[in-house]
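The data block below is protein-v1.pdb; it holds PDB, C-alpha atoms, pLDDT in the B column.
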```pdb
ATOM      1  CA  ALA A 173     108.714  84.490 118.298  1.00 93.00           C
ATOM      2  CA  GLU A 174     104.984  84.109 117.795  1.00 94.00           C
ATOM      3  CA  VAL A 175     102.407  81.906 119.497  1.00 96.00           C
ATOM      4  CA  ASN A 176      98.863  81.353 118.277  1.00 94.00           C
ATOM      5  CA  PHE A 177      96.140  80.872 120.895  1.00 93.00           C
ATOM      6  CA  ASN A 178      93.289  80.769 118.383  1.00 90.00           C
ATOM      7  CA  PRO A 179      91.726  83.371 117.915  1.00 92.00           C
ATOM      8  CA  ILE A 180      94.484  85.432 119.618  1.00 95.00           C
ATOM      9  CA  THR A 181      98.111  85.586 118.479  1.00 96.00           C
ATOM     10  CA  VAL A 182     100.910  87.089 120.593  1.00 97.00           C
ATOM     11  CA  GLY A 183     104.466  87.787 119.542  1.00 97.00           C
ATOM     12  CA  LEU A 184     107.782  89.210 120.646  1.00 97.00           C
ATOM     13  CA  GLN A 185     110.583  90.561 118.448  1.00 93.00           C
ATOM     14  CA  PHE A 186     114.085  91.754 119.276  1.00 91.00           C
ATOM     15  CA  GLN A 187     116.217  93.840 116.913  1.00 81.00           C
ATOM     16  CA  TYR A 188     119.860  94.821 117.185  1.00 79.00           C
ATOM     17  CA  GLY A 189     122.124  96.996 115.021  1.00 71.00           C
ATOM     18  CA  SER A 190     125.876  96.814 115.731  1.00 67.00           C
ATOM     19  CA  GLY A 191     126.674 100.466 114.990  1.00 60.00           C
ATOM     20  CA  ALA A 192     125.008 103.762 114.250  1.00 55.00           C
ATOM     21  CA  VAL A 193     125.540 103.189 110.531  1.00 56.00           C
ATOM     22  CA  ASN A 194     124.045  99.685 110.787  1.00 53.00           C
ATOM     23  CA  HIS A 195     120.622 100.573 112.131  1.00 53.00           C
ATOM     24  CA  TYR A 196     117.917  98.085 111.260  1.00 46.00           C
ATOM     25  CA  GLY A 197     115.678 100.635 109.587  1.00 40.00           C
ATOM     26  CA  ALA A 198     113.318 101.981 112.255  1.00 45.00           C
ATOM     27  CA  ASN A 199     113.390 105.750 112.560  1.00 50.00           C
ATOM     28  CA  PHE A 200     113.986 106.989 116.090  1.00 49.00           C
ATOM     29  CA  ALA A 201     110.790 108.920 116.845  1.00 46.00           C
ATOM     30  CA  GLU A 202     110.494 109.579 113.108  1.00 49.00           C
ATOM     31  CA  GLY A 203     111.892 113.080 113.022  1.00 53.00           C
ATOM     32  CA  ALA A 204     110.812 114.203 116.500  1.00 51.00           C
ATOM     33  CA  PHE A 205     114.137 116.006 117.012  1.00 44.00           C
ATOM     34  CA  GLY A 206     114.316 117.479 113.529  1.00 42.00           C
ATOM     35  CA  ALA A 207     116.115 114.538 111.931  1.00 46.00           C
ATOM     36  CA  TRP A 208     116.347 110.821 112.501  1.00 52.00           C
ATOM     37  CA  GLY A 209     118.683 108.639 114.454  1.00 56.00           C
ATOM     38  CA  SER A 210     118.981 104.899 114.605  1.00 62.00           C
ATOM     39  CA  SER A 211     118.125 102.394 117.296  1.00 69.00           C
ATOM     40  CA  GLU A 212     120.754 100.022 118.625  1.00 73.00           C
ATOM     41  CA  TYR A 213     118.289  97.770 120.446  1.00 79.00           C
ATOM     42  CA  SER A 214     114.552  97.461 120.100  1.00 83.00           C
ATOM     43  CA  VAL A 215     111.984  95.132 121.635  1.00 90.00           C
ATOM     44  CA  LEU A 216     108.487  94.791 120.188  1.00 92.00           C
ATOM     45  CA  GLY A 217     105.562  92.952 121.734  1.00 96.00           C
ATOM     46  CA  TYR A 218     102.272  92.553 119.887  1.00 97.00           C
ATOM     47  CA  VAL A 219      98.883  90.929 120.038  1.00 97.00           C
ATOM     48  CA  ARG A 220      96.291  90.305 117.322  1.00 96.00           C
ATOM     49  CA  GLY A 221      92.801  89.033 117.888  1.00 96.00           C
ATOM     50  CA  LYS A 222      90.230  87.919 115.360  1.00 95.00           C
ATOM     51  CA  LEU A 223      86.951  89.627 116.263  1.00 96.00           C
ATOM     52  CA  THR A 224      84.876  88.293 113.351  1.00 95.00           C
ATOM     53  CA  ASP A 225      85.597  86.457 110.115  1.00 93.00           C
ATOM     54  CA  THR A 226      86.490  89.785 108.459  1.00 96.00           C
ATOM     55  CA  LEU A 227      87.755  91.967 111.348  1.00 97.00           C
ATOM     56  CA  THR A 228      90.963  91.662 113.364  1.00 96.00           C
ATOM     57  CA  ALA A 229      92.214  94.007 116.115  1.00 98.00           C
ATOM     58  CA  ARG A 230      95.959  94.635 116.475  1.00 96.00           C
ATOM     59  CA  ALA A 231      98.058  96.305 119.184  1.00 97.00           C
ATOM     60  CA  SER A 232     101.794  96.580 119.822  1.00 96.00           C
ATOM     61  CA  VAL A 233     104.296  98.264 122.103  1.00 95.00           C
ATOM     62  CA  GLN A 234     107.883  98.897 120.980  1.00 89.00           C
ATOM     63  CA  TRP A 235     110.848 100.212 122.960  1.00 87.00           C
ATOM     64  CA  PHE A 236     113.923 101.722 121.243  1.00 81.00           C
ATOM     65  CA  GLU A 237     117.392 102.307 122.739  1.00 78.00           C
ATOM     66  CA  ALA A 238     119.459 104.778 120.737  1.00 74.00           C
ATOM     67  CA  HIS A 239     123.072 104.180 119.762  1.00 66.00           C
ATOM     68  CA  ASP A 240     125.411 105.932 122.210  1.00 68.00           C
ATOM     69  CA  GLY A 241     126.541 109.310 120.969  1.00 68.00           C
ATOM     70  CA  VAL A 242     123.794 109.896 118.408  1.00 68.00           C
ATOM     71  CA  ILE A 243     123.259 113.667 118.497  1.00 69.00           C
ATOM     72  CA  VAL A 244     120.356 115.288 116.672  1.00 68.00           C
ATOM     73  CA  ALA A 245     119.499 119.014 116.878  1.00 70.00           C
ATOM     74  CA  GLY A 246     121.845 119.535 119.846  1.00 75.00           C
ATOM     75  CA  ALA A 247     120.481 116.624 121.885  1.00 74.00           C
ATOM     76  CA  GLU A 248     121.820 113.116 122.494  1.00 76.00           C
ATOM     77  CA  LEU A 249     119.077 110.545 121.889  1.00 74.00           C
ATOM     78  CA  ASP A 250     118.312 108.316 124.884  1.00 76.00           C
ATOM     79  CA  ASP A 251     115.332 106.048 124.321  1.00 80.00           C
ATOM     80  CA  ALA A 252     111.836 106.023 122.892  1.00 81.00           C
ATOM     81  CA  PHE A 253     108.730 103.912 122.903  1.00 84.00           C
ATOM     82  CA  ALA A 254     105.761 103.574 120.590  1.00 87.00           C
ATOM     83  CA  VAL A 255     102.269 102.236 121.150  1.00 93.00           C
ATOM     84  CA  ILE A 256     100.309 101.245 118.061  1.00 94.00           C
ATOM     85  CA  GLY A 257      96.701 100.145 117.717  1.00 97.00           C
ATOM     86  CA  GLY A 258      94.677  99.322 114.688  1.00 97.00           C
ATOM     87  CA  LEU A 259      92.194  97.167 112.880  1.00 97.00           C
ATOM     88  CA  GLU A 260      92.377  94.941 109.823  1.00 96.00           C
ATOM     89  CA  TRP A 261      89.154  94.676 107.885  1.00 97.00           C
ATOM     90  CA  THR A 262      88.902  92.223 104.990  1.00 96.00           C
ATOM     91  CA  PRO A 263      85.575  93.000 103.289  1.00 96.00           C
ATOM     92  CA  VAL A 264      86.371  90.755 100.299  1.00 95.00           C
ATOM     93  CA  SER A 265      89.018  88.141  99.607  1.00 94.00           C
ATOM     94  CA  GLY A 266      92.341  89.767  98.690  1.00 94.00           C
ATOM     95  CA  LEU A 267      91.563  93.236 100.076  1.00 97.00           C
ATOM     96  CA  ALA A 268      92.579  94.425 103.557  1.00 96.00           C
ATOM     97  CA  ILE A 269      91.823  97.886 104.943  1.00 97.00           C
ATOM     98  CA  LEU A 270      94.017  98.837 107.911  1.00 97.00           C
ATOM     99  CA  PRO A 271      93.339 101.991 109.964  1.00 98.00           C
ATOM    100  CA  GLU A 272      96.038 102.611 112.593  1.00 96.00           C
ATOM    101  CA  VAL A 273      96.948 105.078 115.347  1.00 96.00           C
ATOM    102  CA  ARG A 274     100.497 105.433 116.719  1.00 91.00           C
ATOM    103  CA  TYR A 275     101.822 107.311 119.761  1.00 90.00           C
ATOM    104  CA  THR A 276     105.586 107.794 120.144  1.00 83.00           C
ATOM    105  CA  LYS A 277     107.495 109.352 123.031  1.00 83.00           C
ATOM    106  CA  ALA A 278     111.203 110.036 122.507  1.00 80.00           C
ATOM    107  CA  ASN A 279     113.672 111.131 125.184  1.00 80.00           C
ATOM    108  CA  ALA A 280     116.972 112.939 124.810  1.00 79.00           C
ATOM    109  CA  THR A 281     119.516 114.950 126.791  1.00 82.00           C
ATOM    110  CA  GLU A 282     120.402 118.456 125.642  1.00 82.00           C
ATOM    111  CA  ILE A 283     124.169 118.660 125.140  1.00 83.00           C
ATOM    112  CA  ALA A 284     124.521 122.331 126.186  1.00 86.00           C
ATOM    113  CA  THR A 285     122.529 122.132 129.424  1.00 89.00           C
ATOM    114  CA  GLY A 286     122.323 118.451 130.332  1.00 85.00           C
ATOM    115  CA  ASP A 287     118.541 118.814 130.656  1.00 86.00           C
ATOM    116  CA  SER A 288     116.276 115.922 129.755  1.00 84.00           C
ATOM    117  CA  VAL A 289     113.784 116.626 126.997  1.00 81.00           C
ATOM    118  CA  SER A 290     111.048 114.512 125.517  1.00 80.00           C
ATOM    119  CA  VAL A 291     108.857 114.761 122.464  1.00 79.00           C
ATOM    120  CA  ASP A 292     105.395 113.236 122.080  1.00 82.00           C
ATOM    121  CA  GLN A 293     104.122 112.419 118.621  1.00 82.00           C
ATOM    122  CA  TRP A 294     100.752 111.156 117.367  1.00 87.00           C
ATOM    123  CA  ARG A 295     100.210 109.692 113.908  1.00 87.00           C
ATOM    124  CA  ALA A 296      97.313 108.041 112.160  1.00 95.00           C
ATOM    125  CA  GLY A 297      97.233 106.159 108.923  1.00 96.00           C
ATOM    126  CA  LEU A 298      94.977 104.248 106.608  1.00 97.00           C
ATOM    127  CA  ARG A 299      96.466 101.526 104.415  1.00 95.00           C
ATOM    128  CA  PHE A 300      94.885  99.437 101.668  1.00 97.00           C
ATOM    129  CA  ASN A 301      96.512  96.078 100.815  1.00 95.00           C
ATOM    130  CA  ARG A 302      95.405  94.253  97.686  1.00 95.00           C
ATOM    131  CA  SER A 303      96.654  90.794  96.801  1.00 93.00           C
ATOM    132  CA  PHE A 304      95.899  88.876  93.604  1.00 89.00           C
TER
END
```
So that I can check it, write out the structure of this file as structure tokens.
Amino acid sequence: AEVNFNPITVGLQFQYGSGAVNHYGANFAEGAFGAWGSSEYSVLGYVRGKLTDTLTARASVQWFEAHDGVIVAGAELDDAFAVIGGLEWTPVSGLAILPEVRYTKANATEIATGDSVSVDQWRAGLRFNRSF
């Protein structure tokens, strides 16, 4: 769902995969536990705001719930969340430059000890989109 309150747009997405082999494609903490696992449920909320004619700010928060029984590196995945912020700059028609920063925190339970563990992960990226 998405609603436009010009110049701000807000949205909410829900994803579901019916089994560990049917994940919808999002990596669970993108390798934080040495491999990847899939999310059964995920909820994403986002907001975009046009700052000028050529600059838009974007932010989102996403929560992931792992499939039951997904074990990676001796730990059963529990849940994770990601916070993403970025800009979209369109200096000329058909070209968008998108710097972005992402923070992910993934939680798991160690099988051998039953202890809770979590992994924090920071990523940054710069993407160029060109359309003709």
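CA of Lys277 (chain A) is positioned 4.5 Å from CA of Asp292 (chain A).
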Output check: residues returned by the PyMOL selection byres ((chain A and resi 274) around 10), as a list in words:
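Answer for the PyMOL selection byres ((chain A and resi 274) around 10): Ala231, Ser232, Val233, Ala254, Val255, Ile256, Gly257, Gly258, Glu272, Val273, Tyr275, Thr276, Gln293, Trp294, Arg295, Ala296 and Gly297 of chain A.
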What is the distance, in Å and to one decimal place, between CA of Ile283 (chain A) and CA of Glu248 (chain A)?
6.6 Å
Decode the PyMOL selection byres ((chain A and resi 228) around 10) for the given file into explicit residues and return them as a list in words.
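Output of the PyMOL selection byres ((chain A and resi 228) around 10): Pro179, Ile180, Arg220, Gly221, Lys222, Leu223, Thr224, Asp225, Thr226, Leu227, Ala229, Arg230, Gly258, Leu259, Glu260, Trp261, Thr262 and Leu270 of chain A.
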For a quick check of understanding, using all atoms listed in the file, which of A:Phe253, A:Gln234, A:Arg299, A:Val219 has the smallest distance to Pro271 (chain A)?
A:Arg299
Would you pick out the contacts of Glu174 (chain A) at 8 Å or less, using all atoms listed in the file, so that residues sharing its chain but fewer than 5 positions from it are not included, and give the list as a list in words?
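Once the adjacent positions are removed, what remains is Thr181, Val182, Gly183 and Leu184 of chain A.
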Pick the closest to Phe186 (chain A) from A:Ala173, A:Ser214, A:Ala245, A:Gly266: which is it, counting all atoms listed in the file?
A:Ser214
Correct to one decimal, the distance CA of Phe304 (chain A)-CA of Ala268 (chain A) is 11.9 Å
Tell me which of A:Val175, A:Val289, A:Ala278, A:Val264 sits closest to Gly217 (chain A), counting only C-alpha atoms.
A:Val175
Evaluate the PyMOL selection byres ((chain A and resi 213) around 6) and report residues as a PyMOL selection string
chain A and resi 187-188+211-212+214+236-237
Using all atoms listed in the file, which of A:Gly246, A:Asn178, A:Val215, A:Ile269 sits nearest Asp287 (chain A)?
A:Gly246
Name all residues at most 12 Å from Ser288 (chain A) (count all atoms listed in the file; drop same-chain ones fewer than 2 positions away) and give them as an NGL selection string.
:A and (246-251 or 278-286 or 290-291)
